[in-house]
Amino acid sequence: MTQIGFYHLTTSPLERALACLLEKTLEAKKRAVVICSSEERLDFLNNVLWTGGKASFIPHGTAKEGFAEDQPIWLTTVNENLNGAQFLFLIEGAASPSLSSYERCLDIFDGNDPEALESARARWKAYKEAGHQVTYWKQTDAGSWEKGA
């Protein structure tokens, strides 16, 4: 079963946390698919990732640029794995019926939004019932991650 980690944002915005997690993904020599909740969010994150990493640029692509198979990180709004990714990032409540085809899934949600928090709890329960290994990570005041119970 796929390892699913819930990432509870409390101190930094999604784009900053996502950039850090994607950098760690690349350091581990893994590929990622990021499923966004809307085209607007995809466009925003696409722009941020051009300048949001430690080295300024986090290599990625979208359908607008094409060449999915060459992209270590693929941003999309649909359930697709065109770059052969091992890691799946679900943001802002995005879902995928293909969880089992990934080694790891990172479900990132805004802990300051009560609706997002309730939705994350429902996904947690559904994933556990489906037999996935589920872990919980909460952002610390310093912006790092602390594993929860």
# chains A, B, ... in the order shown; residues from 1 in each chain; ligands from 1
>>> residues_around(residues="Leu21 of chain A", least_positions_apart="6", cutoff="10 Å", atoms="only C-alpha atoms", output="mmCIF file with C-alpha atoms, in the first residue's frame")
data_model
loop_
_atom_site.group_PDB
_atom_site.id
_atom_site.type_symbol
_atom_site.label_atom_id
_atom_site.label_comp_id
_atom_site.auth_asym_id
_atom_site.auth_seq_id
_atom_site.Cartn_x
_atom_site.Cartn_y
_atom_site.Cartn_z
ATOM 1 C CA GLU A 15 3.723 27.517 -1.901
ATOM 2 C CA GLU A 27 17.241 15.291 -3.460
ATOM 3 C CA PHE A 89 1.279 15.595 -3.942
ATOM 4 C CA LEU A 106 1.683 13.822 0.466
#
>>> select_by_dssp(residues="segment 49-140 of chain A", states="alpha helix (DSSP H)", output="MDAnalysis selection string")
chainID A and resid 49 114:129
>>> closest_atom_pairs(of="segment 30-115 of chain A", to="segment 130-141 of chain A", cutoff="10 Å", atoms="only C-alpha atoms", output="Markdown table")
| residue | atom | partner | partner_atom | distance |
| --- | --- | --- | --- | --- |
| A:Leu99 | CA | A:His132 | CA | 9.3 |
| A:Ser100 | CA | A:His132 | CA | 8.8 |
| A:Arg104 | CA | A:Gln133 | CA | 9.7 |
| A:Cys105 | CA | A:Val134 | CA | 9.5 |
| A:Leu106 | CA | A:Thr135 | CA | 9.6 |
| A:Asp107 | CA | A:Tyr136 | CA | 9.6 |
| A:Ile108 | CA | A:Trp137 | CA | 9.5 |
| A:Gly111 | CA | A:Lys138 | CA | 8.9 |
>>> select_by_dssp(residues="chain A", states="strand (DSSP E or B)", output="MDAnalysis selection string")
chainID A and resid 3:9 32:35 53 56 61 73:76 87:91 104:110 133:139 145:147
>>> write_last_selection(atoms="C-alpha atoms", output="compact mmCIF listing (two decimals), in the first residue's frame")
# COMPACT_ATOMS: atom_id res chain seq x y z
CA GLN A 3 2.45 5.56 2.35
CA ILE A 4 0.25 8.63 2.82
CA GLY A 5 1.54 11.57 4.80
CA PHE A 6 -0.77 14.36 5.88
CA TYR A 7 1.04 17.71 6.03
CA HIS A 8 -0.79 20.18 8.27
CA LEU A 9 0.18 23.75 7.35
CA ALA A 32 6.57 13.94 -8.41
CA VAL A 33 3.10 14.74 -9.68
CA VAL A 34 1.35 17.67 -8.01
CA ILE A 35 -2.43 17.64 -8.45
CA GLY A 53 13.57 27.07 -4.28
CA SER A 56 15.90 29.77 -7.24
CA GLY A 61 6.46 21.48 -16.10
CA ILE A 73 7.88 17.47 -11.31
CA TRP A 74 4.58 17.60 -13.19
CA LEU A 75 1.85 20.07 -12.16
CA THR A 76 -1.67 19.16 -13.22
CA PHE A 87 5.51 10.62 -5.31
CA LEU A 88 2.07 12.22 -5.50
CA PHE A 89 1.28 15.59 -3.94
CA LEU A 90 -2.40 16.37 -3.33
CA ILE A 91 -3.05 19.97 -2.43
CA ARG A 104 4.22 7.90 -1.41
CA CYS A 105 1.44 10.47 -1.30
CA LEU A 106 1.68 13.82 0.47
CA ASP A 107 -1.70 15.36 1.26
CA ILE A 108 -1.06 19.02 2.12
CA PHE A 109 -3.80 21.05 3.78
CA ASP A 110 -4.26 24.43 5.47
CA GLN A 133 -0.22 3.47 5.98
CA VAL A 134 -1.06 6.99 7.17
CA THR A 135 1.20 9.43 9.02
CA TYR A 136 0.63 12.96 10.27
CA TRP A 137 3.09 15.86 10.08
CA LYS A 138 2.46 19.26 11.62
CA GLN A 139 4.42 22.38 10.84
CA TRP A 145 7.85 19.30 10.27
CA GLU A 146 7.11 17.36 13.45
CA LYS A 147 5.63 13.89 13.26
>>> residues_around(residues="Ser12 of chain A", least_positions_apart="4", cutoff="8 Å", atoms="only C-alpha atoms", output="MDAnalysis selection string")
chainID A and resid 16:17 143
>>> write_last_selection(atoms="C-alpha atoms", output="tab-separated table (two decimals), in the first residue's frame")
chain	number	residue	atom	x	y	z
A	16	ARG	CA	6.68	27.80	0.50
A	17	ALA	CA	6.03	24.42	2.13
A	143	GLY	CA	8.53	25.94	9.55
>>> closest_residue(among="A:Leu49, A:Gly66, A:Arg31, A:Glu118", to="Ala85 of chain A", atoms="only C-alpha atoms")
A:Arg31
>>> decode(residues="segment 17-45 of chain A", atoms="C-alpha atoms", output="CSV table (one decimal), in the first residue's frame")
chain,number,residue,atom,x,y,z
A,17,ALA,CA,6.0,24.4,2.1
A,18,LEU,CA,5.5,22.8,-1.2
A,19,ALA,CA,8.7,24.1,-2.6
A,20,CYS,CA,10.7,22.7,0.4
A,21,LEU,CA,9.0,19.3,0.1
A,22,LEU,CA,9.6,19.2,-3.7
A,23,GLU,CA,13.3,20.0,-3.2
A,24,LYS,CA,13.5,17.1,-0.7
A,25,THR,CA,11.8,14.9,-3.3
A,26,LEU,CA,14.4,15.8,-6.0
A,27,GLU,CA,17.2,15.3,-3.5
A,28,ALA,CA,15.9,11.7,-3.0
A,29,LYS,CA,16.1,11.3,-6.8
A,30,LYS,CA,12.3,10.8,-7.1
A,31,ARG,CA,9.8,12.3,-9.5
A,32,ALA,CA,6.6,13.9,-8.4
A,33,VAL,CA,3.1,14.7,-9.7
A,34,VAL,CA,1.3,17.7,-8.0
A,35,ILE,CA,-2.4,17.6,-8.4
A,36,CYS,CA,-3.8,21.2,-8.0
A,37,SER,CA,-7.4,22.0,-7.1
A,38,SER,CA,-7.8,24.5,-10.0
A,39,GLU,CA,-6.1,26.0,-13.1
A,40,GLU,CA,-5.6,29.2,-11.2
A,41,ARG,CA,-3.8,27.5,-8.4
A,42,LEU,CA,-1.7,25.5,-11.0
A,43,ASP,CA,-0.7,28.7,-12.7
A,44,PHE,CA,0.2,30.4,-9.4
A,45,LEU,CA,2.4,27.4,-8.3
